[in-house]
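To be precise, the following lines are data27.txt, and they hold compact mmCIF, C-alpha atoms and all ligand atoms.
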```
# COMPACT_ATOMS: atom_id res chain seq x y z
CA MET A 591 57.42 1.45 -29.64
CA LYS A 592 58.79 4.82 -30.60
CA ARG A 593 55.42 5.98 -31.80
CA ARG A 594 53.82 5.17 -28.44
CA LYS A 595 56.54 6.99 -26.56
CA GLN A 596 56.05 10.10 -28.67
CA SER A 597 52.29 10.23 -28.22
CA GLU A 598 52.67 9.73 -24.49
CA GLY A 599 55.18 12.56 -24.43
CA MET A 600 52.72 15.08 -25.83
CA ASN A 601 50.33 17.19 -23.89
CA ARG A 602 47.69 14.49 -23.93
CA ARG A 603 44.61 16.68 -23.75
CA ASP A 604 45.73 18.83 -26.67
CA PHE A 605 46.82 15.83 -28.66
CA ILE A 606 43.50 14.06 -28.17
CA GLN A 607 41.47 17.21 -28.84
CA ARG A 608 43.41 18.01 -31.97
CA SER A 609 43.39 14.45 -33.25
CA ALA A 610 39.65 14.24 -32.67
CA ALA A 611 39.08 17.58 -34.36
CA PHE A 612 41.29 16.56 -37.27
CA ALA A 613 39.48 13.23 -37.59
CA ALA A 614 36.16 15.06 -37.61
CA GLY A 615 37.47 17.44 -40.26
CA SER A 616 38.65 14.47 -42.28
CA MET A 617 35.22 12.91 -42.14
CA VAL A 618 33.60 16.08 -43.44
CA MET A 619 36.23 16.50 -46.13
CA GLY A 620 36.24 12.84 -46.93
CA VAL A 621 39.99 12.52 -46.57
CA GLY A 622 41.00 8.98 -47.45
CA THR A 623 44.02 6.94 -46.56
CA SER A 624 46.39 5.63 -49.14
CA LYS A 625 46.69 2.14 -50.50
CA LEU A 626 49.99 2.90 -52.18
CA PHE A 627 51.52 4.40 -49.06
CA GLY A 628 50.68 1.25 -47.15
CA ALA A 629 47.78 2.52 -45.07
CA SER A 630 44.13 1.44 -45.19
CA THR A 631 41.89 2.15 -48.15
CA SER A 632 39.01 4.02 -46.62
CA ARG A 633 38.67 6.67 -49.29
CA ARG A 634 35.38 8.47 -48.73
CA SER A 635 35.19 10.90 -51.59
CA ALA A 636 36.51 10.96 -55.15
CA LEU A 637 37.71 14.55 -54.68
CA ALA A 638 39.55 14.06 -51.40
CA ILE A 639 43.32 13.82 -51.27
CA GLU A 640 44.57 10.65 -49.65
CA THR A 641 46.67 10.77 -46.51
CA ILE A 642 49.58 8.81 -45.15
CA THR A 643 50.28 8.09 -41.49
CA LEU A 644 53.48 9.60 -40.14
CA ASN A 645 55.69 7.82 -37.58
CA ASN A 646 53.85 9.56 -34.72
CA GLY A 647 50.44 8.45 -35.95
CA ILE A 648 49.21 11.69 -37.51
CA GLU A 649 47.80 11.88 -41.02
CA MET A 650 49.46 13.91 -43.78
CA PRO A 651 48.00 14.50 -47.27
CA VAL A 652 50.04 12.79 -50.01
CA LEU A 653 49.86 15.90 -52.20
CA GLY A 654 50.09 19.51 -51.11
CA PHE A 655 50.57 23.06 -52.29
CA GLY A 656 53.97 24.82 -52.33
CA THR A 657 54.14 28.58 -51.81
CA LEU A 658 57.70 29.62 -52.60
CA TYR A 659 57.63 32.99 -54.44
CA LEU A 660 53.87 33.35 -53.81
CA ASN A 661 54.03 36.57 -51.81
CA ASP A 662 51.71 39.41 -50.94
CA GLU A 663 48.35 39.48 -52.74
CA LEU A 664 49.47 36.73 -55.11
CA GLY A 665 50.05 34.45 -52.14
CA VAL A 666 46.68 35.24 -50.60
CA ARG A 667 44.87 34.53 -53.86
CA CYS A 668 46.77 31.34 -54.71
CA VAL A 669 46.46 29.79 -51.25
CA ALA A 670 42.73 30.55 -51.14
CA GLU A 671 42.27 29.13 -54.65
CA ALA A 672 44.30 26.02 -53.87
CA ILE A 673 42.25 25.32 -50.74
CA GLY A 674 39.07 25.96 -52.71
CA LEU A 675 40.15 23.32 -55.23
CA GLY A 676 40.82 20.75 -52.54
CA TYR A 677 44.45 21.16 -51.43
CA ARG A 678 44.74 20.63 -47.69
CA LEU A 679 48.53 20.58 -47.16
CA ILE A 680 50.03 24.07 -47.44
CA ASP A 681 53.83 24.42 -47.34
CA THR A 682 55.47 27.69 -46.36
CA ALA A 683 58.67 28.80 -44.57
CA THR A 684 59.92 31.82 -42.67
CA ILE A 685 62.50 32.52 -45.36
CA TYR A 686 59.79 32.75 -48.07
CA GLY A 687 58.57 35.94 -46.40
CA ASN A 688 54.97 34.98 -47.12
CA GLU A 689 53.58 33.51 -43.92
CA GLU A 690 51.19 36.47 -43.59
CA SER A 691 49.97 35.93 -47.14
CA VAL A 692 49.55 32.22 -46.55
CA GLY A 693 47.60 33.01 -43.39
CA GLY A 694 45.52 35.51 -45.36
CA GLY A 695 44.77 32.86 -47.98
CA ILE A 696 43.73 30.37 -45.31
CA LYS A 697 41.41 32.95 -43.78
CA LYS A 698 40.00 33.92 -47.16
CA SER A 699 39.26 30.28 -48.00
CA GLY A 700 36.92 30.04 -45.02
CA ILE A 701 38.06 26.51 -44.28
CA ASN A 702 38.06 25.05 -40.77
CA ARG A 703 41.58 25.04 -39.37
CA GLU A 704 41.33 21.35 -38.45
CA GLU A 705 40.90 20.39 -42.10
CA LEU A 706 44.28 21.80 -43.04
CA PHE A 707 47.81 20.50 -42.69
CA VAL A 708 50.07 23.57 -42.45
CA THR A 709 53.86 23.31 -42.62
CA SER A 710 56.42 26.01 -41.89
CA LYS A 711 60.18 25.93 -41.47
CA LEU A 712 62.77 27.35 -39.13
CA TRP A 713 65.34 29.39 -41.00
CA VAL A 714 69.09 29.04 -40.34
CA ASP A 715 69.42 32.53 -38.80
CA ASP A 716 66.95 31.51 -36.07
CA SER A 717 68.75 28.32 -35.05
CA GLY A 718 69.37 27.91 -31.32
CA TYR A 719 67.11 27.11 -28.37
CA ASP A 720 65.49 30.45 -27.46
CA THR A 721 65.60 31.73 -31.01
CA THR A 722 63.76 28.65 -32.30
CA LYS A 723 60.96 29.14 -29.80
CA LYS A 724 60.71 32.80 -30.71
CA ALA A 725 60.80 32.14 -34.46
CA PHE A 726 58.12 29.48 -34.11
CA GLN A 727 55.81 31.91 -32.29
CA THR A 728 56.49 34.57 -34.93
CA SER A 729 55.51 32.08 -37.65
CA LEU A 730 52.29 31.26 -35.81
CA ASP A 731 51.48 34.94 -35.35
CA LYS A 732 52.14 35.72 -39.01
CA LEU A 733 50.04 32.78 -40.13
CA GLY A 734 47.30 33.69 -37.67
CA LEU A 735 47.28 30.14 -36.29
CA ASP A 736 47.67 28.66 -32.82
CA TYR A 737 49.43 25.46 -33.84
CA LEU A 738 51.32 24.00 -36.81
CA ASP A 739 50.84 20.55 -38.25
CA LEU A 740 54.49 20.25 -39.25
CA TYR A 741 57.53 22.35 -38.38
CA LEU A 742 60.83 21.62 -40.11
CA ILE A 743 64.44 22.68 -39.63
CA HIS A 744 64.91 24.21 -43.07
CA ARG A 745 68.62 23.45 -43.51
CA PRO A 746 71.16 21.46 -41.47
CA ARG A 747 73.11 24.53 -40.42
CA GLY A 748 73.64 26.46 -37.21
CA GLU A 749 72.75 25.10 -33.78
CA VAL A 750 70.71 22.15 -34.93
CA GLN A 751 70.81 20.29 -31.61
CA ALA A 752 69.50 23.26 -29.62
CA SER A 753 66.80 23.92 -32.21
CA TRP A 754 65.69 20.31 -32.14
CA LYS A 755 65.43 20.36 -28.35
CA ALA A 756 63.20 23.44 -28.56
CA MET A 757 61.07 21.80 -31.25
CA GLU A 758 60.69 18.62 -29.20
CA GLU A 759 59.38 20.76 -26.34
CA LEU A 760 56.94 22.62 -28.57
CA TYR A 761 55.76 19.26 -29.89
CA LYS A 762 55.27 17.88 -26.40
CA GLU A 763 53.31 21.02 -25.46
CA GLY A 764 50.96 20.23 -28.36
CA LYS A 765 51.89 23.33 -30.38
CA ILE A 766 53.16 21.26 -33.34
CA ARG A 767 51.59 17.99 -34.45
CA ALA A 768 54.79 16.68 -36.07
CA ILE A 769 58.39 17.85 -36.27
CA GLY A 770 60.92 17.15 -38.97
CA VAL A 771 63.79 18.37 -41.08
CA SER A 772 64.58 19.51 -44.59
CA ASN A 773 67.67 19.12 -46.76
CA PHE A 774 69.29 16.69 -44.32
CA GLU A 775 71.68 14.12 -45.78
CA ALA A 776 72.06 10.67 -44.23
CA HIS A 777 74.99 11.59 -41.96
CA GLN A 778 73.22 14.74 -40.75
CA LEU A 779 70.10 12.75 -39.94
CA GLU A 780 72.13 10.15 -38.11
CA GLU A 781 73.82 12.82 -36.05
CA LEU A 782 70.47 14.36 -35.13
CA MET A 783 69.06 10.98 -34.19
CA SER A 784 72.02 10.33 -31.89
CA TYR A 785 70.65 12.93 -29.44
CA ALA A 786 66.99 13.25 -30.44
CA THR A 787 64.29 11.80 -28.21
CA ILE A 788 61.84 12.15 -31.08
CA THR A 789 62.64 10.80 -34.53
CA PRO A 790 61.88 13.33 -37.29
CA ALA A 791 58.56 12.56 -38.96
CA VAL A 792 59.56 14.05 -42.33
CA ASN A 793 62.62 14.99 -44.37
CA GLN A 794 61.72 17.44 -47.15
CA ILE A 795 64.36 17.20 -49.87
CA GLU A 796 64.80 18.07 -53.51
CA THR A 797 63.23 15.23 -55.47
CA HIS A 798 62.12 15.16 -59.09
CA ALA A 799 62.65 13.22 -62.30
CA PHE A 800 66.18 14.60 -62.75
CA PHE A 801 67.25 14.11 -59.13
CA GLN A 802 65.40 11.06 -57.94
CA GLN A 803 67.16 10.54 -54.59
CA GLU A 804 66.85 6.76 -54.70
CA LYS A 805 69.48 6.27 -51.98
CA ALA A 806 67.84 8.80 -49.66
CA LYS A 807 64.48 7.17 -50.31
CA VAL A 808 65.75 3.79 -49.15
CA ASN A 809 67.48 5.34 -46.15
CA LEU A 810 64.46 7.37 -45.02
CA LYS A 811 62.22 4.35 -45.32
CA LYS A 812 64.64 2.42 -43.11
CA TYR A 813 64.29 5.10 -40.41
CA GLY A 814 60.52 5.41 -40.81
CA ILE A 815 60.88 9.04 -41.92
CA GLN A 816 58.50 10.25 -44.62
CA GLN A 817 60.18 11.73 -47.69
CA GLU A 818 58.60 14.92 -49.02
CA ALA A 819 59.64 16.25 -52.44
CA TRP A 820 60.47 19.90 -52.84
CA SER A 821 60.46 21.23 -56.40
CA PRO A 822 58.63 18.06 -57.47
CA LEU A 823 58.40 19.51 -60.99
CA ALA A 824 62.04 20.65 -60.92
CA GLN A 825 60.59 24.19 -61.19
CA GLY A 826 60.43 23.39 -64.90
CA ARG A 827 64.23 23.29 -65.12
CA ASN A 828 66.09 21.04 -67.54
CA GLY A 829 63.09 21.22 -69.89
CA HIS A 830 60.80 19.33 -67.52
CA PHE A 831 57.56 20.51 -69.08
CA THR A 832 58.69 19.74 -72.64
CA ASN A 833 60.60 16.55 -71.87
CA GLU A 834 59.70 14.08 -74.61
CA THR A 835 60.09 10.98 -72.44
CA LEU A 836 57.54 12.29 -69.93
CA ALA A 837 55.34 13.53 -72.78
CA ALA A 838 55.27 10.10 -74.47
CA ILE A 839 54.19 8.49 -71.20
CA GLY A 840 51.63 11.25 -70.76
CA ARG A 841 50.11 10.58 -74.21
CA LYS A 842 49.47 6.97 -73.20
CA HIS A 843 47.45 8.13 -70.22
CA ASN A 844 46.08 11.40 -71.60
CA LYS A 845 48.07 13.39 -69.04
CA ASN A 846 50.69 16.14 -69.24
CA ASN A 847 54.29 16.13 -67.99
CA ALA A 848 53.43 17.69 -64.64
CA GLN A 849 50.76 15.06 -63.99
CA VAL A 850 53.09 12.22 -65.00
CA SER A 851 55.74 13.50 -62.58
CA LEU A 852 53.32 13.99 -59.71
CA ARG A 853 51.83 10.55 -60.23
CA TRP A 854 55.37 9.13 -60.26
CA HIS A 855 56.10 10.76 -56.87
CA TYR A 856 52.84 9.34 -55.51
CA GLN A 857 53.60 5.83 -56.73
CA ARG A 858 57.06 6.04 -55.14
CA GLY A 859 55.40 6.81 -51.78
CA ILE A 860 56.69 10.38 -51.69
CA VAL A 861 54.61 13.39 -50.63
CA SER A 862 54.89 16.23 -53.15
CA ILE A 863 54.03 19.92 -52.89
CA PRO A 864 53.85 21.45 -56.40
CA ARG A 865 53.44 25.21 -56.58
CA SER A 866 51.42 27.09 -59.12
CA SER A 867 50.13 30.62 -59.56
CA GLN A 868 47.58 29.45 -62.13
CA LYS A 869 44.29 27.90 -61.13
CA ALA A 870 44.26 25.64 -64.20
CA HIS A 871 47.67 24.22 -63.24
CA MET A 872 46.59 23.79 -59.61
CA GLN A 873 43.64 21.75 -60.85
CA GLU A 874 45.76 19.69 -63.28
CA ASN A 875 48.16 18.87 -60.49
CA LEU A 876 45.30 17.45 -58.42
CA ASN A 877 44.13 15.22 -61.27
CA ILE A 878 46.64 12.44 -60.75
CA PHE A 879 44.56 9.88 -58.92
CA ASP A 880 42.60 8.57 -61.92
CA PHE A 881 45.42 6.79 -63.77
CA LYS A 882 48.33 4.51 -62.99
CA LEU A 883 51.85 4.40 -64.37
CA ASP A 884 52.78 0.84 -65.26
CA GLU A 885 56.09 -0.82 -64.44
CA ALA A 886 57.55 0.11 -67.86
CA ASP A 887 56.59 3.79 -67.33
CA MET A 888 58.25 3.77 -63.90
CA GLN A 889 61.41 2.22 -65.38
CA THR A 890 61.49 4.76 -68.19
CA ILE A 891 61.17 7.67 -65.75
CA ALA A 892 63.93 6.11 -63.63
CA SER A 893 66.22 6.46 -66.66
CA LEU A 894 65.82 10.27 -66.57
CA ASP A 895 67.75 10.52 -63.30
CA LEU A 896 70.82 12.73 -63.57
CA ASN A 897 71.48 12.10 -59.89
CA ILE A 898 72.52 15.69 -59.28
CA THR A 899 70.84 18.75 -57.87
CA GLN A 900 69.23 21.11 -60.37
CA PHE A 901 69.57 23.93 -57.83
CA PRO A 902 73.33 24.29 -57.34
CA GLU A 903 72.89 27.93 -56.31
CA TRP A 904 71.05 26.78 -53.17
CA GLU A 905 73.78 24.35 -52.06
N1 LIG B 1001 62.69 22.84 -48.21
C1 LIG B 1001 63.30 23.49 -49.18
O1 LIG B 1001 64.51 23.79 -49.12
C2 LIG B 1001 62.50 23.87 -50.39
C3 LIG B 1001 63.16 24.31 -51.54
C4 LIG B 1001 62.38 24.63 -52.66
C5 LIG B 1001 60.99 24.49 -52.62
N2 LIG B 1001 60.37 24.10 -51.48
C6 LIG B 1001 58.90 23.93 -51.40
O2 LIG B 1001 58.49 23.10 -52.49
C7 LIG B 1001 57.47 23.77 -53.24
C8 LIG B 1001 57.50 23.34 -54.69
O3 LIG B 1001 58.74 23.63 -55.30
P1 LIG B 1001 58.99 24.88 -56.29
O4 LIG B 1001 58.00 25.92 -56.01
O5 LIG B 1001 60.43 25.22 -56.19
O6 LIG B 1001 58.80 24.28 -57.74
P2 LIG B 1001 57.83 23.23 -58.49
O7 LIG B 1001 56.57 23.02 -57.73
O8 LIG B 1001 58.66 22.07 -58.87
O9 LIG B 1001 57.52 24.03 -59.83
C9 LIG B 1001 56.82 25.24 -59.83
C10 LIG B 1001 56.77 25.74 -61.27
O10 LIG B 1001 56.05 24.80 -62.08
C11 LIG B 1001 55.03 25.48 -62.80
N3 LIG B 1001 53.89 24.57 -62.88
C12 LIG B 1001 53.19 24.05 -61.84
N4 LIG B 1001 52.24 23.22 -62.28
C13 LIG B 1001 52.33 23.21 -63.63
C14 LIG B 1001 51.60 22.54 -64.63
N5 LIG B 1001 50.60 21.72 -64.35
N6 LIG B 1001 51.97 22.76 -65.93
C15 LIG B 1001 52.99 23.60 -66.24
N7 LIG B 1001 53.70 24.27 -65.31
C16 LIG B 1001 53.38 24.07 -64.02
C17 LIG B 1001 54.74 26.73 -62.04
O11 LIG B 1001 54.33 27.74 -62.92
P3 LIG B 1001 52.86 28.40 -62.87
O12 LIG B 1001 52.84 29.25 -61.64
O13 LIG B 1001 52.80 29.16 -64.13
O14 LIG B 1001 51.87 27.26 -62.82
C18 LIG B 1001 56.10 27.07 -61.43
O15 LIG B 1001 56.86 27.85 -62.32
C19 LIG B 1001 57.83 25.24 -53.02
O16 LIG B 1001 56.81 26.09 -53.47
C20 LIG B 1001 58.12 25.24 -51.55
O17 LIG B 1001 56.91 25.23 -50.81
C21 LIG B 1001 61.11 23.76 -50.36
```

So, in terms of C-alpha cells, how does the structure I just supplied come out?
Amino acid sequence: MKRRKQSEGMNRRDFIQRSAAFAAGSMVMGVGTSKLFGASTSRRSALAIETITLNNGIEMPVLGFGTLYLNDELGVRCVAEAIGLGYRLIDTATIYGNEESVGGGIKKSGINREELFVTSKLWVDDSGYDTTKKAFQTSLDKLGLDYLDLYLIHRPRGEVQASWKAMEELYKEGKIRAIGVSNFEAHQLEELMSYATITPAVNQIETHAFFQQEKAKVNLKKYGIQQEAWSPLAQGRNGHFTNETLAAIGRKHNKNNAQVSLRWHYQRGIVSIPRSSQKAHMQENLNIFDFKLDEADMQTIASLDLNITQFPEWE
C-alpha cells in the first residue's frame, strides 16, 4: 500500500524513465537480485553484485563501497578502481568533504550513470527546509550528477522534520530515487514516522561483529526499512583483522576476516559498504558470494557481540 502511494507521489515521467534506464543498465551489468534478501534469484552474471528491493520498489546493491577519508586524488583513484572492479553502490557524505573526488572517480571510471547507485548525506549544519534543498543541490553539483539514488539525513540532530519535508519534495520531483536516515535510534525513527508521508527506505547505522545491532535489525525489519552497515569491518578496531574467532571460521572457508565479516552481513540481510584504499582489499571484499557461513559459524560470530559502539568519539 505504502509503496504504491510513494511511487504515485513521484514525478511519474522521471520515475519511469529512470527506472527503465536503471533496469537497462542492470541488464548490461548483469545485476542480479538476492535470494537471501528475499527477492527473486535472477542472477545474470557471476561477477555482478546482487540487489535488494527497497520499500519504494527500487533496487539497491547488497554490497557497496565506502569513501570516508578517501579525499582528493586518493578518492578519485579509489572510486574509479572500485567501479572498475564491479562496485556499483558508492557511499559518500557532505561532511566527508570528498563529493568532488567521488564525482571525479565516477567520471574517470567511464561508467554509465544509470548503472550506479550513489548515496550522499545531509550534514547536521544544513538541517532545515531551505538549507536541505540548497545542500542537496550543492552535493549534486560537487558530484557532477543530476540525481541521487539515495539521500540520507546523516544524524538525528537539528531540524529533522523540516529536512525530511524538503527531502520528500525532492523525492517526489524525481531528484532522489530513495530517501532515508542514518544513525537513527528506534524512538527517533518513530518520531520521524509520526509526521512523514514517506517511510525512510534505509537506516545506515554502525553494524559489525562487535556491535551487531540485533534489536535495531528486528525493529527495522518490522518497519520495512533496510539496514545498511557503516564501518562493517569496525575500521579494524578491537583487533578485527586479527580476531582469532573470525580467522578460524575463515580457515574453514579459505577466506580472511574481512570476507567472513562481509559474508556475515550479507547473510543477515544487511547492506554493507566497506572502504579500502587498496585494490587488492577492494577485490577481496567483493569475493564473498562463493561461500556460505553455516549455522554454527553464524552462532559463533554472534558471540563476538560487545553490544556497544566502537566509535564513542562520534556519539
Ligand atoms: N553514516 C555514518 O555515520 C557513517 C559513519 C562511518 C562510516 N560510514 C560509511 O561507511 C563506510 C565504511 O566504514 P569505514 O570506512 O568507517 O570503515 P570499514 O569499511 O569498516 O573499514 C575500513 C578499514 O578497513 C581496512 N580494510 C578494508 N578491507 C580490508 C581487507 N580486505 N583486509 C584488511 N583490511 C581491510 C581499510 O584499510 P585499507 O585502506 O588499507 O584497505 C580501512 O582501514 C565509510 O567509508 C562511509 O562511507 C558512515

Could you give me, as CSV, every region 777-869 of chain A residue with an atom at most 12 Å from region 699-715 of chain A, plus its closest atom pair and distance in Å to one decimal, counting all atoms listed in the file, rows ordered by chain then number?
```
residue,atom,partner,partner_atom,distance
A:Val792,CA,A:Thr709,CA,10.9
A:Asn793,CA,A:Lys711,CA,11.6
A:Gln794,CA,A:Lys711,CA,10.3
A:Glu818,CA,A:Thr709,CA,11.6
A:Ile863,CA,A:Thr709,CA,10.8
```

Among the residues A:Ala886, A:Leu742, A:Met783, A:Ala752, the one that comes closest to ligand LIG 1001 (chain B) [using only C-alpha atoms and all ligand atoms] |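 Once distances to ligand LIG 1001 (chain B) are computed over only C-alpha atoms and all ligand atoms, the minimum belongs to A:Leu742.
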
Selected residue of minimal separation from Gly676 (chain A) among A:Gly654, A:Gly826, A:Ile839, A:Tyr659, counting only C-alpha atoms | A:Gly654

Which of these, A:Phe726, A:Trp820, A:Tyr813, A:Trp854, has the shortest distance to ligand LIG 1001 (chain B) once you count only C-alpha atoms and all ligand atoms?
-> A:Trp820

Pick out the residues no farther than 9 Å from ligand LIG 1001 (chain B), counting all atoms listed in the file, and list them as a PyMOL selection string.
-> chain A and resi 654-660+680-683+686+709-711+742-745+771-773+793-798+818-827+830-831+846-849+862-875+901+904

Could those residues be written to a file, using C-alpha atoms, as a PDB file, in the frame of the given file?
```
ATOM      1  CA  GLY A 654      50.090  19.510 -51.110  1.00  0.00           C
ATOM      2  CA  PHE A 655      50.570  23.060 -52.290  1.00  0.00           C
ATOM      3  CA  GLY A 656      53.970  24.820 -52.330  1.00  0.00           C
ATOM      4  CA  THR A 657      54.140  28.580 -51.810  1.00  0.00           C
ATOM      5  CA  LEU A 658      57.700  29.620 -52.600  1.00  0.00           C
ATOM      6  CA  TYR A 659      57.630  32.990 -54.440  1.00  0.00           C
ATOM      7  CA  LEU A 660      53.870  33.350 -53.810  1.00  0.00           C
ATOM      8  CA  ILE A 680      50.030  24.070 -47.440  1.00  0.00           C
ATOM      9  CA  ASP A 681      53.830  24.420 -47.340  1.00  0.00           C
ATOM     10  CA  THR A 682      55.470  27.690 -46.360  1.00  0.00           C
ATOM     11  CA  ALA A 683      58.670  28.800 -44.570  1.00  0.00           C
ATOM     12  CA  TYR A 686      59.790  32.750 -48.070  1.00  0.00           C
ATOM     13  CA  THR A 709      53.860  23.310 -42.620  1.00  0.00           C
ATOM     14  CA  SER A 710      56.420  26.010 -41.890  1.00  0.00           C
ATOM     15  CA  LYS A 711      60.180  25.930 -41.470  1.00  0.00           C
ATOM     16  CA  LEU A 742      60.830  21.620 -40.110  1.00  0.00           C
ATOM     17  CA  ILE A 743      64.440  22.680 -39.630  1.00  0.00           C
ATOM     18  CA  HIS A 744      64.910  24.210 -43.070  1.00  0.00           C
ATOM     19  CA  ARG A 745      68.620  23.450 -43.510  1.00  0.00           C
ATOM     20  CA  VAL A 771      63.790  18.370 -41.080  1.00  0.00           C
ATOM     21  CA  SER A 772      64.580  19.510 -44.590  1.00  0.00           C
ATOM     22  CA  ASN A 773      67.670  19.120 -46.760  1.00  0.00           C
ATOM     23  CA  ASN A 793      62.620  14.990 -44.370  1.00  0.00           C
ATOM     24  CA  GLN A 794      61.720  17.440 -47.150  1.00  0.00           C
ATOM     25  CA  ILE A 795      64.360  17.200 -49.870  1.00  0.00           C
ATOM     26  CA  GLU A 796      64.800  18.070 -53.510  1.00  0.00           C
ATOM     27  CA  THR A 797      63.230  15.230 -55.470  1.00  0.00           C
ATOM     28  CA  HIS A 798      62.120  15.160 -59.090  1.00  0.00           C
ATOM     29  CA  GLU A 818      58.600  14.920 -49.020  1.00  0.00           C
ATOM     30  CA  ALA A 819      59.640  16.250 -52.440  1.00  0.00           C
ATOM     31  CA  TRP A 820      60.470  19.900 -52.840  1.00  0.00           C
ATOM     32  CA  SER A 821      60.460  21.230 -56.400  1.00  0.00           C
ATOM     33  CA  PRO A 822      58.630  18.060 -57.470  1.00  0.00           C
ATOM     34  CA  LEU A 823      58.400  19.510 -60.990  1.00  0.00           C
ATOM     35  CA  ALA A 824      62.040  20.650 -60.920  1.00  0.00           C
ATOM     36  CA  GLN A 825      60.590  24.190 -61.190  1.00  0.00           C
ATOM     37  CA  GLY A 826      60.430  23.390 -64.900  1.00  0.00           C
ATOM     38  CA  ARG A 827      64.230  23.290 -65.120  1.00  0.00           C
ATOM     39  CA  HIS A 830      60.800  19.330 -67.520  1.00  0.00           C
ATOM     40  CA  PHE A 831      57.560  20.510 -69.080  1.00  0.00           C
ATOM     41  CA  ASN A 846      50.690  16.140 -69.240  1.00  0.00           C
ATOM     42  CA  ASN A 847      54.290  16.130 -67.990  1.00  0.00           C
ATOM     43  CA  ALA A 848      53.430  17.690 -64.640  1.00  0.00           C
ATOM     44  CA  GLN A 849      50.760  15.060 -63.990  1.00  0.00           C
ATOM     45  CA  SER A 862      54.890  16.230 -53.150  1.00  0.00           C
ATOM     46  CA  ILE A 863      54.030  19.920 -52.890  1.00  0.00           C
ATOM     47  CA  PRO A 864      53.850  21.450 -56.400  1.00  0.00           C
ATOM     48  CA  ARG A 865      53.440  25.210 -56.580  1.00  0.00           C
ATOM     49  CA  SER A 866      51.420  27.090 -59.120  1.00  0.00           C
ATOM     50  CA  SER A 867      50.130  30.620 -59.560  1.00  0.00           C
ATOM     51  CA  GLN A 868      47.580  29.450 -62.130  1.00  0.00           C
ATOM     52  CA  LYS A 869      44.290  27.900 -61.130  1.00  0.00           C
ATOM     53  CA  ALA A 870      44.260  25.640 -64.200  1.00  0.00           C
ATOM     54  CA  HIS A 871      47.670  24.220 -63.240  1.00  0.00           C
ATOM     55  CA  MET A 872      46.590  23.790 -59.610  1.00  0.00           C
ATOM     56  CA  GLN A 873      43.640  21.750 -60.850  1.00  0.00           C
ATOM     57  CA  GLU A 874      45.760  19.690 -63.280  1.00  0.00           C
ATOM     58  CA  ASN A 875      48.160  18.870 -60.490  1.00  0.00           C
ATOM     59  CA  PHE A 901      69.570  23.930 -57.830  1.00  0.00           C
ATOM     60  CA  TRP A 904      71.050  26.780 -53.170  1.00  0.00           C
TER      61      TRP A 904
END
```

Give me the residues within 12 Å of Gln889 (chain A) as number ranges by chain, counting only C-alpha atoms and dropping any in the same chain fewer than 4 places off.
-> A: 799, 835-836, 839, 854, 858, 883-885, 893-895

Between CA of His777 (chain A) and CA of Ile898 (chain A), what is the distance, to one decimal in Å?
->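 Those two atoms sit 18.0 Å apart.
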
Could you give me the axis-aligned bounding box of region 895-903 of chain A, with 6 Å of padding per side, as centre plus edge lengths in Å to one decimal, as AutoDock Vina command-line options?
```
--center_x 70.5 --center_y 19.2 --center_z -59.9 --size_x 17.6 --size_y 29.4 --size_z 19.3
```

Do a neighbour search on Arg767 (chain A) at 8 Å with all atoms listed in the file, toss out local chain neighbours closer than 6 positions, and write the hits as an MDAnalysis selection string.
-> chainID A and resid 605 648 737:740 761

Which residue gives the smallest distance to Tyr677 (chain A) among A:Ala756, A:Ile891, A:Met650, A:Ile769, with all atoms listed in the file counted?
->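 For Tyr677 (chain A), the nearest of the given residues is A:Met650.
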
Using all atoms listed in the file, find the one residue out of A:Lys732, A:Gly674, A:Ala838, A:Thr721 that sits nearest to Asn688 (chain A).
->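 Looking only at the distances to Asn688 (chain A), the closest residue turns out to be A:Lys732.
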
Nearby residues, (43.6, 29.1, -46.9) file frame, 6 Å, all atoms listed in the file, as JSON, numbers by chain = {"A": [669, 670, 673, 695, 696, 697, 699]}
